[in-house]
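**Q** Structure in structure tokens, see below.
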Amino acid sequence: MKTKKLLSLVLAGTLALSLTACGGSDDAVASIKKKGTITMVTNASFEPFEYKDGDTVIGIDAEIGQAIADDLGVKLEIQDIDFNSCIPSLTSGKADFCAAGMSVTEERKKNVDFTDTYFDASQMILVGSDSTIAGGSDINDKTVGVQQGTTGDTYVTNEDGSNDVKVKEVKRYTKLTDAVSDLTAGRIDAVVGDNFPLKKLQANNPETTKLLDDALTTETYAIAVPKGSNLKDEINSLLKKMQGDGSLEEIFSKYISE
Ligand code: ARG
């Protein structure tokens, strides 16, 4: 009896230690509440999901982030960083979650956990208004701009040969807006990016650009948290609640007209 009890104590201790070692055992929710602040990372050049109004980050993800902070009764701090740095800042423990119109991918799942998905998206092609590029297969042998580290980058780069794309050159930008500037200046032939942000960018450049109908991929957005973080369950119940009471839909319709 005694040895059994001792053994289970030792086992429990080892388990606790090994969980701490992979960063998963601490009660993230409790420590966020204790700190009184929750840190969200994003890349705010992605209207309507996150963009700047002066110094303030606004958009769909900023509002979801605020709802998460309100739900926990803490202050929201949003850090606007490179999209490529969002996952590293979760794995290093610098941020609590990333809301950045981030698509769920198997590759990313190796490093972070994803909440339930909250939006469907796809990659689309933006070209100059007089371009002869009319669909997905026409970007082959062309110079194509993407936002670095995004699913658009993965699709166009096609490193693993999972699609038929073979472009002449991939130009990687830290912001999609810079890719569109190069497009309108004639320095690149097309931009591949997420459908809703590209729709906004097209609307901002109505004379010089056109958005093609082809949807190149099907993707879903979710919020990323550090592996093992119990914030995931907290956010999932909040998302369910917001889906049920219509507040999520309200946020979407505030930023997306169709
Ligand atoms: N959905 C794409 C991805 O996950 C692009 C996201 C870019 N987000 C941003 N906030 N800039 O790779």
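Going by the structure tokens order, chains are called A, B, ..., each with residues numbered from 1, while ligands are numbered from 1 in the order shown.
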Let me have all residues with an atom within 8 Å of ligand 1, counting only C-alpha atoms and all ligand atoms, laid out as number ranges by chain.

**A** A: 42-46, 49-50, 82-83, 99-104, 121-122, 147, 149-153, 175-176, 193-194, 219-221

**Q** Counting only C-alpha atoms, what is within 9 Å of Asp96 (chain A), bar same-chain residues fewer than 3 positions away, as a list in words?

**A**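 Residues meeting the cut-off are Ala28, Ile32, Ile38, Thr39, Met40, Val41, Ser89, Leu90, Gly93, Ala224, Val225, Pro226, Ser229 and Leu231 of chain A.
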
**Q** Emit the selected residues as a short mmCIF file (atom, residue, chain, number, x, y, z; two decimals), in the first residue's frame, including N, CA and C atoms.

**A**
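Resulting contents of part28.cif:
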```cif
data_model
loop_
_atom_site.label_atom_id
_atom_site.label_comp_id
_atom_site.auth_asym_id
_atom_site.auth_seq_id
_atom_site.Cartn_x
_atom_site.Cartn_y
_atom_site.Cartn_z
N ALA A 28 -2.10 28.93 -17.98
CA ALA A 28 -1.95 30.20 -18.71
C ALA A 28 -3.05 31.18 -18.33
N ILE A 32 -2.49 34.89 -16.71
CA ILE A 32 -2.95 36.10 -17.43
C ILE A 32 -3.82 36.95 -16.50
N ILE A 38 -3.49 40.69 -21.21
CA ILE A 38 -3.28 39.59 -22.15
C ILE A 38 -2.63 40.16 -23.40
N THR A 39 -1.62 39.47 -23.91
CA THR A 39 -0.87 39.98 -25.06
C THR A 39 -1.23 39.22 -26.33
N MET A 40 -1.71 40.00 -27.30
CA MET A 40 -2.06 39.44 -28.61
C MET A 40 -1.04 39.92 -29.62
N VAL A 41 -0.56 39.02 -30.47
CA VAL A 41 0.29 39.45 -31.58
C VAL A 41 -0.48 39.31 -32.88
N SER A 89 6.79 34.23 -31.41
CA SER A 89 6.53 34.92 -30.14
C SER A 89 5.59 34.11 -29.24
N LEU A 90 4.87 33.16 -29.82
CA LEU A 90 4.07 32.26 -28.98
C LEU A 90 4.96 31.16 -28.38
N GLY A 93 6.98 32.31 -25.58
CA GLY A 93 6.22 32.77 -24.41
C GLY A 93 6.09 34.27 -24.29
N ALA A 224 -4.18 31.19 -32.75
CA ALA A 224 -3.10 30.29 -32.32
C ALA A 224 -2.69 30.63 -30.89
N VAL A 225 -2.40 29.61 -30.12
CA VAL A 225 -1.91 29.78 -28.74
C VAL A 225 -0.69 28.88 -28.55
N PRO A 226 0.12 29.16 -27.52
CA PRO A 226 1.26 28.27 -27.27
C PRO A 226 0.77 26.85 -27.04
N SER A 229 -1.48 25.47 -24.00
CA SER A 229 -2.09 26.57 -23.24
C SER A 229 -3.58 26.32 -23.02
N LEU A 231 -5.64 28.48 -22.49
CA LEU A 231 -6.37 29.60 -23.07
C LEU A 231 -7.22 29.12 -24.25
#
```

**Q** When you look at Phe252 (chain A) with a cut-off of 10 Å (counting only C-alpha atoms), what residues show up, excluding the ones that are within fewer than 6 positions of it in the same chain? I need them as a list of chain:residue names.

**A**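 Within the cut-off, the hits are A:Pro48, A:Phe49, A:Gly59, A:Ile60, A:Asp61, A:Glu63, A:Phe119, A:Glu258.
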
**Q** Sort by chain and increasing residue number a table of all residues of region 36-99 of chain A within 8 Å of region 233-248 of chain A, each with its closest pair of atoms and their distance in Å to one decimal, counting only C-alpha atoms, and write it as a tab-separated table.

**A**
```
residue	atom	partner	partner_atom	distance
A:Ile64	CA	A:Leu248	CA	7.9
A:Ile68	CA	A:Ile235	CA	6.7
A:Asp71	CA	A:Leu238	CA	7.6
```

**Q** Got time to write the residues from that selection, all heavy atoms, as an mmCIF file, in the first residue's frame?

**A**
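Wrote again_19.cif, looks like this:
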```cif
data_model
loop_
_atom_site.group_PDB
_atom_site.id
_atom_site.type_symbol
_atom_site.label_atom_id
_atom_site.label_comp_id
_atom_site.auth_asym_id
_atom_site.auth_seq_id
_atom_site.Cartn_x
_atom_site.Cartn_y
_atom_site.Cartn_z
ATOM 1 N N ILE A 64 -12.208 40.555 -31.775
ATOM 2 C CA ILE A 64 -12.252 39.232 -31.129
ATOM 3 C C ILE A 64 -11.262 39.225 -29.962
ATOM 4 O O ILE A 64 -11.564 38.737 -28.874
ATOM 5 C CB ILE A 64 -11.951 38.098 -32.137
ATOM 6 C CG1 ILE A 64 -13.064 38.022 -33.200
ATOM 7 C CG2 ILE A 64 -11.828 36.747 -31.419
ATOM 8 C CD1 ILE A 64 -12.830 36.999 -34.300
ATOM 9 N N ILE A 68 -11.939 38.541 -25.973
ATOM 10 C CA ILE A 68 -11.199 37.557 -25.166
ATOM 11 C C ILE A 68 -10.715 38.226 -23.866
ATOM 12 O O ILE A 68 -10.876 37.673 -22.771
ATOM 13 C CB ILE A 68 -9.998 36.975 -25.964
ATOM 14 C CG1 ILE A 68 -10.495 36.157 -27.153
ATOM 15 C CG2 ILE A 68 -9.101 36.129 -25.062
ATOM 16 C CD1 ILE A 68 -9.415 35.721 -28.138
ATOM 17 N N ASP A 71 -13.647 38.902 -21.571
ATOM 18 C CA ASP A 71 -14.113 37.641 -20.992
ATOM 19 C C ASP A 71 -13.268 37.250 -19.774
ATOM 20 O O ASP A 71 -13.767 36.719 -18.792
ATOM 21 C CB ASP A 71 -14.052 36.571 -22.089
ATOM 22 C CG ASP A 71 -14.352 35.175 -21.574
ATOM 23 O OD1 ASP A 71 -15.469 34.974 -21.061
ATOM 24 O OD2 ASP A 71 -13.463 34.303 -21.669
#
```

**Q** Name the residues in contact with Ile188 (chain A) at a cut-off of 10 Å, using only C-alpha atoms, excluding same-chain residues fewer than 4 positions from it; report them as a PyMOL selection string.

**A** chain A and resi 127-128+142-145+169-171+179-184

**Q** Please produce a file of those selected residues containing N, CA, C and O atoms, as a tab-separated table (two decimals), in the first residue's frame.

**A**
```
chain	number	residue	atom	x	y	z
A	127	VAL	N	-4.29	41.28	-60.13
A	127	VAL	CA	-3.40	41.66	-61.24
A	127	VAL	C	-3.67	43.11	-61.64
A	127	VAL	O	-4.65	43.71	-61.19
A	128	GLY	N	-2.82	43.64	-62.50
A	128	GLY	CA	-3.05	44.97	-63.04
A	128	GLY	C	-4.29	44.95	-63.93
A	128	GLY	O	-4.62	43.92	-64.51
A	142	LYS	N	5.55	33.78	-64.31
A	142	LYS	CA	5.40	35.21	-64.00
A	142	LYS	C	6.10	35.54	-62.68
A	142	LYS	O	6.46	34.65	-61.90
A	143	THR	N	6.27	36.83	-62.42
A	143	THR	CA	6.83	37.27	-61.15
A	143	THR	C	5.66	37.61	-60.22
A	143	THR	O	4.83	38.46	-60.54
A	144	VAL	N	5.60	36.88	-59.11
A	144	VAL	CA	4.42	36.98	-58.26
A	144	VAL	C	4.80	37.44	-56.85
A	144	VAL	O	5.75	36.92	-56.25
A	145	GLY	N	4.06	38.40	-56.33
A	145	GLY	CA	4.29	38.91	-54.99
A	145	GLY	C	3.38	38.25	-53.97
A	145	GLY	O	2.22	37.97	-54.25
A	169	GLU	N	9.42	33.95	-60.58
A	169	GLU	CA	10.07	34.45	-59.36
A	169	GLU	C	9.01	34.78	-58.32
A	169	GLU	O	7.94	35.30	-58.65
A	170	VAL	N	9.31	34.45	-57.05
A	170	VAL	CA	8.42	34.83	-55.96
A	170	VAL	C	9.05	36.03	-55.27
A	170	VAL	O	10.21	35.98	-54.86
A	171	LYS	N	8.30	37.12	-55.16
A	171	LYS	CA	8.81	38.28	-54.41
A	171	LYS	C	8.06	38.33	-53.10
A	171	LYS	O	6.83	38.36	-53.07
A	179	ALA	N	3.26	44.78	-51.65
A	179	ALA	CA	3.19	43.95	-52.86
A	179	ALA	C	2.27	44.62	-53.88
A	179	ALA	O	2.59	44.67	-55.07
A	180	VAL	N	1.17	45.17	-53.39
A	180	VAL	CA	0.23	45.83	-54.30
A	180	VAL	C	0.83	47.10	-54.89
A	180	VAL	O	0.63	47.41	-56.07
A	181	SER	N	1.64	47.82	-54.11
A	181	SER	CA	2.32	49.01	-54.66
A	181	SER	C	3.24	48.60	-55.80
A	181	SER	O	3.29	49.28	-56.83
A	182	ASP	N	3.97	47.50	-55.62
A	182	ASP	CA	4.85	47.02	-56.69
A	182	ASP	C	4.05	46.55	-57.91
A	182	ASP	O	4.50	46.67	-59.04
A	183	LEU	N	2.87	46.02	-57.65
A	183	LEU	CA	2.01	45.58	-58.76
A	183	LEU	C	1.55	46.77	-59.58
A	183	LEU	O	1.67	46.78	-60.81
A	184	THR	N	1.06	47.80	-58.90
A	184	THR	CA	0.55	48.96	-59.64
A	184	THR	C	1.69	49.73	-60.30
A	184	THR	O	1.49	50.41	-61.30
```

**Q** Assign secondary structure with DSSP using the backbone only, and return the residues of region 37-168 of chain A in strand (DSSP E) as a compact mmCIF listing (two decimals) with C-alpha atoms, in the first residue's frame.

**A**
```txt
# COMPACT_ATOMS: atom_id res chain seq x y z
CA THR A 37 -3.02 41.91 -19.19
CA ILE A 38 -3.28 39.59 -22.15
CA THR A 39 -0.87 39.98 -25.06
CA MET A 40 -2.06 39.44 -28.61
CA VAL A 41 0.29 39.45 -31.58
CA THR A 42 -0.81 40.21 -35.11
CA TYR A 51 -5.19 47.28 -39.79
CA LYS A 52 -4.25 50.63 -38.32
CA ASP A 53 -6.32 53.65 -37.51
CA THR A 56 -4.65 51.79 -32.97
CA VAL A 57 -5.03 48.33 -34.41
CA ILE A 58 -8.62 47.80 -35.49
CA LYS A 75 -6.51 44.56 -20.35
CA LEU A 76 -5.70 43.79 -24.00
CA GLU A 77 -2.28 44.61 -25.36
CA ILE A 78 -1.89 44.25 -29.13
CA GLN A 79 1.60 43.98 -30.64
CA ASP A 80 1.86 44.68 -34.35
CA PHE A 97 -2.28 34.37 -28.50
CA CYS A 98 -2.07 35.30 -32.15
CA VAL A 112 1.28 25.94 -31.83
CA ASP A 113 -2.26 24.90 -30.93
CA PHE A 114 -5.23 26.30 -32.80
CA THR A 115 -8.65 27.16 -31.42
CA ASP A 116 -11.82 26.25 -33.31
CA THR A 117 -11.95 27.97 -36.68
CA TYR A 118 -13.90 31.21 -37.08
CA PHE A 119 -13.64 32.11 -40.77
CA ASP A 120 -13.32 30.48 -44.22
CA ALA A 121 -10.87 31.93 -46.69
CA GLN A 123 -6.01 32.48 -51.87
CA MET A 124 -6.82 34.71 -54.82
CA ILE A 125 -4.93 36.56 -57.53
CA LEU A 126 -4.76 40.33 -57.94
CA VAL A 127 -3.40 41.66 -61.24
CA GLY A 128 -3.05 44.97 -63.04
CA THR A 143 6.83 37.27 -61.15
CA VAL A 144 4.42 36.98 -58.26
CA GLY A 145 4.29 38.91 -54.99
CA VAL A 146 3.17 37.39 -51.69
CA GLN A 147 3.29 38.24 -48.00
```

**Q** In terms of the shortest atom-to-atom distance over only C-alpha atoms, which of A:Tyr255, A:Gln148, A:Asp160, A:Val191 is closest to Ser85 (chain A)?

**A**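 Between A:Tyr255, A:Gln148, A:Asp160, A:Val191, the residue approaching Ser85 (chain A) most closely is A:Gln148.
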
**Q** Running DSSP on the backbone, which parts of region 24-177 of chain A land in alpha helix (DSSP H), as a ChimeraX atom specification?

**A** /A:28-35,60-72,83-91,106-109,151-157,176-177

**Q** I need the residues from that last selection saved to file as a PDB file, in the first residue's frame (with C-alpha atoms), if you can.

**A**
```pdb
ATOM      1  CA  ALA A  28      -1.948  30.203 -18.705  1.00  0.00           C
ATOM      2  CA  VAL A  29      -5.406  31.549 -17.934  1.00  0.00           C
ATOM      3  CA  ALA A  30      -4.597  31.964 -14.235  1.00  0.00           C
ATOM      4  CA  SER A  31      -1.311  33.742 -14.906  1.00  0.00           C
ATOM      5  CA  ILE A  32      -2.946  36.095 -17.434  1.00  0.00           C
ATOM      6  CA  LYS A  33      -5.593  36.981 -14.840  1.00  0.00           C
ATOM      7  CA  LYS A  34      -2.890  37.522 -12.253  1.00  0.00           C
ATOM      8  CA  LYS A  35      -0.927  39.800 -14.598  1.00  0.00           C
ATOM      9  CA  ILE A  60     -12.213  41.758 -36.907  1.00  0.00           C
ATOM     10  CA  ASP A  61      -9.331  40.089 -35.035  1.00  0.00           C
ATOM     11  CA  ALA A  62      -8.778  43.160 -32.838  1.00  0.00           C
ATOM     12  CA  GLU A  63     -12.442  42.971 -31.785  1.00  0.00           C
ATOM     13  CA  ILE A  64     -12.252  39.232 -31.129  1.00  0.00           C
ATOM     14  CA  GLY A  65      -9.091  39.919 -29.120  1.00  0.00           C
ATOM     15  CA  GLN A  66     -10.930  42.550 -27.089  1.00  0.00           C
ATOM     16  CA  ALA A  67     -13.756  40.088 -26.436  1.00  0.00           C
ATOM     17  CA  ILE A  68     -11.199  37.557 -25.166  1.00  0.00           C
ATOM     18  CA  ALA A  69      -9.681  40.167 -22.821  1.00  0.00           C
ATOM     19  CA  ASP A  70     -13.129  41.259 -21.592  1.00  0.00           C
ATOM     20  CA  ASP A  71     -14.113  37.641 -20.992  1.00  0.00           C
ATOM     21  CA  LEU A  72     -11.062  37.201 -18.747  1.00  0.00           C
ATOM     22  CA  PHE A  83       3.531  37.928 -39.658  1.00  0.00           C
ATOM     23  CA  ASN A  84       6.533  35.615 -39.666  1.00  0.00           C
ATOM     24  CA  SER A  85       7.287  36.476 -36.025  1.00  0.00           C
ATOM     25  CA  CYS A  86       3.821  35.636 -34.699  1.00  0.00           C
ATOM     26  CA  ILE A  87       4.416  31.921 -34.121  1.00  0.00           C
ATOM     27  CA  PRO A  88       7.931  32.438 -32.655  1.00  0.00           C
ATOM     28  CA  SER A  89       6.532  34.922 -30.136  1.00  0.00           C
ATOM     29  CA  LEU A  90       4.068  32.255 -28.976  1.00  0.00           C
ATOM     30  CA  THR A  91       6.660  29.499 -28.718  1.00  0.00           C
ATOM     31  CA  GLU A 106      -0.345  20.990 -40.440  1.00  0.00           C
ATOM     32  CA  GLU A 107       3.074  22.646 -40.454  1.00  0.00           C
ATOM     33  CA  ARG A 108       1.996  25.320 -37.962  1.00  0.00           C
ATOM     34  CA  LYS A 109       0.277  22.719 -35.784  1.00  0.00           C
ATOM     35  CA  THR A 151      -0.099  30.345 -47.040  1.00  0.00           C
ATOM     36  CA  GLY A 152       0.012  32.435 -50.231  1.00  0.00           C
ATOM     37  CA  ASP A 153       3.810  32.249 -50.041  1.00  0.00           C
ATOM     38  CA  THR A 154       3.659  28.463 -49.549  1.00  0.00           C
ATOM     39  CA  TYR A 155       1.237  28.060 -52.458  1.00  0.00           C
ATOM     40  CA  VAL A 156       3.218  30.140 -54.935  1.00  0.00           C
ATOM     41  CA  THR A 157       6.633  28.851 -53.829  1.00  0.00           C
ATOM     42  CA  LEU A 176       0.595  42.773 -48.657  1.00  0.00           C
ATOM     43  CA  THR A 177       0.120  46.512 -49.241  1.00  0.00           C
TER      44      THR A 177
END
```

**Q** I'd like the contact shell of Ile139 (chain A) - 8 Å cut-off, only C-alpha atoms, skipping same-chain residues fewer than 4 positions apart - returned as a VMD selection string.

**A** chain A and resid 133 135 143 to 144 165 to 167 190

**Q** Could you save the residues just selected, with all heavy atoms, as a compact mmCIF listing (two decimals), in the first residue's frame?

**A**
```txt
# COMPACT_ATOMS: atom_id res chain seq x y z
N ILE A 133 -3.26 37.96 -67.50
CA ILE A 133 -3.42 36.83 -66.57
C ILE A 133 -4.91 36.73 -66.22
O ILE A 133 -5.52 37.69 -65.75
CB ILE A 133 -2.59 37.06 -65.29
CG1 ILE A 133 -1.10 37.13 -65.63
CG2 ILE A 133 -2.86 35.95 -64.27
CD1 ILE A 133 -0.21 37.50 -64.44
N GLY A 135 -6.32 33.58 -64.83
CA GLY A 135 -6.65 32.53 -63.87
C GLY A 135 -5.38 31.90 -63.32
O GLY A 135 -4.26 32.29 -63.71
N THR A 143 6.27 36.83 -62.42
CA THR A 143 6.83 37.27 -61.15
C THR A 143 5.66 37.61 -60.22
O THR A 143 4.83 38.46 -60.54
CB THR A 143 7.72 38.52 -61.35
OG1 THR A 143 8.76 38.16 -62.26
CG2 THR A 143 8.33 38.95 -60.03
N VAL A 144 5.60 36.88 -59.11
CA VAL A 144 4.42 36.98 -58.26
C VAL A 144 4.80 37.44 -56.85
O VAL A 144 5.75 36.92 -56.25
CB VAL A 144 3.69 35.60 -58.19
CG1 VAL A 144 2.43 35.70 -57.34
CG2 VAL A 144 3.32 35.13 -59.60
N VAL A 165 1.81 24.95 -59.71
CA VAL A 165 2.38 26.28 -59.89
C VAL A 165 3.90 26.25 -60.06
O VAL A 165 4.61 25.56 -59.32
CB VAL A 165 2.01 27.19 -58.69
CG1 VAL A 165 2.69 28.54 -58.81
CG2 VAL A 165 0.51 27.35 -58.62
N LYS A 166 4.35 26.97 -61.07
CA LYS A 166 5.79 27.10 -61.28
C LYS A 166 6.03 28.51 -61.82
O LYS A 166 6.08 28.74 -63.02
CB LYS A 166 6.24 26.04 -62.31
CG LYS A 166 7.71 25.66 -62.15
CD LYS A 166 7.99 24.45 -63.04
CE LYS A 166 9.42 24.03 -63.14
NZ LYS A 166 10.51 24.77 -62.70
N VAL A 167 6.14 29.45 -60.87
CA VAL A 167 6.30 30.85 -61.29
C VAL A 167 7.75 31.14 -61.62
O VAL A 167 8.64 30.35 -61.28
CB VAL A 167 5.79 31.83 -60.20
CG1 VAL A 167 4.33 31.59 -59.90
CG2 VAL A 167 6.63 31.75 -58.94
N ALA A 190 1.70 39.83 -60.60
CA ALA A 190 0.48 39.44 -59.87
C ALA A 190 0.79 39.39 -58.38
O ALA A 190 1.95 39.31 -57.98
CB ALA A 190 0.01 38.07 -60.34
```
